[in-house]
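Working notes, beginning with the structure itself.
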Amino acid sequence: LGIALVLGGAVGNLIDRAAAGYVLDFVDAYWNDWHFWAFNVADAAITVGAVLFAADTLFSRRHVPEAV
């Protein structure tokens with residue numbers, strides 16, 4: 001899921017850049033007096049995908065066989 005979100009977001013940004021020449025950031029986040037970054041849905045997908053991928057990498061309990 002993480003890789004799919006990263007790739008999907010990257011393709012979405014690539015399509016915007018190829019079609020319009022730029023990527024439009026249309027979500028502008030505020031909290032009281034704090035202004036956060038502006039982003040779009042593709043940026044959010046890339047960020048969530050990267051976090052999921054990192055969490056899977058760091059916290060998975062897959063057994064790696066020992067070298068013989």
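All residue names refer to the structure tokens as shown: chains lettered A, B, ... in order, residues numbered from 1 in each chain, ligands numbered from 1 in order.
By only C-alpha atoms, and with residues fewer than 6 positions from Ala44 (chain A) along its chain excluded, the set lying at most 12 Å from it is Gly2, Leu5, Val6, Leu7, Gly8, Gly9, Ala10, Gly12, Asn13, Asp25, Phe26, Val27, Trp37, Ala38, Ala50 and Val51 of chain A.
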How would the residues just chosen look if you wrote them out with N, CA and C atoms as a compact mmCIF listing (two decimals), in the first residue's frame?
# COMPACT_ATOMS: atom_id res chain seq x y z
N GLY A 2 1.95 1.22 0.79
CA GLY A 2 2.83 2.37 0.85
C GLY A 2 3.46 2.70 -0.49
N LEU A 5 0.88 4.16 -2.90
CA LEU A 5 0.57 5.56 -2.64
C LEU A 5 1.70 6.48 -3.13
N VAL A 6 2.94 6.08 -2.89
CA VAL A 6 4.07 6.89 -3.35
C VAL A 6 4.07 6.99 -4.88
N LEU A 7 3.93 5.85 -5.54
CA LEU A 7 3.94 5.86 -7.00
C LEU A 7 2.73 6.59 -7.58
N GLY A 8 1.57 6.38 -6.99
CA GLY A 8 0.37 7.08 -7.46
C GLY A 8 0.48 8.58 -7.30
N GLY A 9 1.00 9.03 -6.17
CA GLY A 9 1.18 10.47 -5.96
C GLY A 9 2.21 11.04 -6.91
N ALA A 10 3.29 10.31 -7.14
CA ALA A 10 4.32 10.79 -8.07
C ALA A 10 3.77 10.88 -9.50
N GLY A 12 0.62 11.30 -10.29
CA GLY A 12 -0.33 12.41 -10.28
C GLY A 12 0.37 13.75 -10.44
N ASN A 13 1.45 13.95 -9.71
CA ASN A 13 2.21 15.20 -9.86
C ASN A 13 2.85 15.30 -11.23
N ASP A 25 -0.86 23.48 -5.69
CA ASP A 25 -1.09 23.12 -4.29
C ASP A 25 -2.33 23.88 -3.82
N PHE A 26 -3.40 23.15 -3.53
CA PHE A 26 -4.67 23.80 -3.24
C PHE A 26 -5.17 23.58 -1.82
N VAL A 27 -4.46 22.82 -1.01
CA VAL A 27 -4.84 22.64 0.39
C VAL A 27 -3.86 23.47 1.22
N TRP A 37 2.36 24.02 5.68
CA TRP A 37 2.65 24.03 4.26
C TRP A 37 1.38 23.91 3.42
N ALA A 38 1.49 24.31 2.18
CA ALA A 38 0.42 24.09 1.21
C ALA A 38 0.76 22.80 0.45
N ALA A 50 5.05 7.05 2.15
CA ALA A 50 6.41 6.96 2.69
C ALA A 50 6.40 6.57 4.16
N VAL A 51 5.46 7.11 4.92
CA VAL A 51 5.35 6.75 6.34
C VAL A 51 4.97 5.28 6.49
TODO: Report the residues of chain A whose backbone DSSP state falls under strand (DSSP E), written as a VMD selection string.
DONE: chain A and resid 27 to 31 34 to 39
Shell around Ala29 (chain A) at 12 Å using only C-alpha atoms, local window under 5 positions removed, as a PDB file with N, CA and C atoms, in the first residue's frame:
ATOM      1  N   TRP A  34      -0.666  29.328  13.553  1.00  0.00           N
ATOM      2  CA  TRP A  34       0.378  28.568  12.872  1.00  0.00           C
ATOM      3  C   TRP A  34      -0.050  28.280  11.439  1.00  0.00           C
ATOM      4  N   HIS A  35       0.832  28.587  10.515  1.00  0.00           N
ATOM      5  CA  HIS A  35       0.565  28.282   9.118  1.00  0.00           C
ATOM      6  C   HIS A  35       1.460  27.125   8.687  1.00  0.00           C
ATOM      7  N   PHE A  36       0.860  26.052   8.253  1.00  0.00           N
ATOM      8  CA  PHE A  36       1.597  24.896   7.780  1.00  0.00           C
ATOM      9  C   PHE A  36       1.798  25.018   6.275  1.00  0.00           C
ATOM     10  N   TRP A  37       2.357  24.019   5.681  1.00  0.00           N
ATOM     11  CA  TRP A  37       2.653  24.032   4.259  1.00  0.00           C
ATOM     12  C   TRP A  37       1.383  23.907   3.420  1.00  0.00           C
ATOM     13  N   ALA A  38       1.487  24.311   2.181  1.00  0.00           N
ATOM     14  CA  ALA A  38       0.424  24.091   1.208  1.00  0.00           C
ATOM     15  C   ALA A  38       0.756  22.805   0.447  1.00  0.00           C
ATOM     16  N   PHE A  39      -0.261  22.017   0.145  1.00  0.00           N
ATOM     17  CA  PHE A  39      -0.029  20.735  -0.519  1.00  0.00           C
ATOM     18  C   PHE A  39      -1.248  20.361  -1.343  1.00  0.00           C
ATOM     19  N   ASN A  40      -1.130  19.253  -2.073  1.00  0.00           N
ATOM     20  CA  ASN A  40      -2.258  18.717  -2.829  1.00  0.00           C
ATOM     21  C   ASN A  40      -2.454  17.249  -2.449  1.00  0.00           C
TER      22      ASN A  40
END
TODO: Assign secondary structure with DSSP using the backbone only, and return the residues of region 9-64 of chain A in helix (DSSP H, G or I) as a PyMOL selection string.
DONE: chain A and resi 9-20+41-59
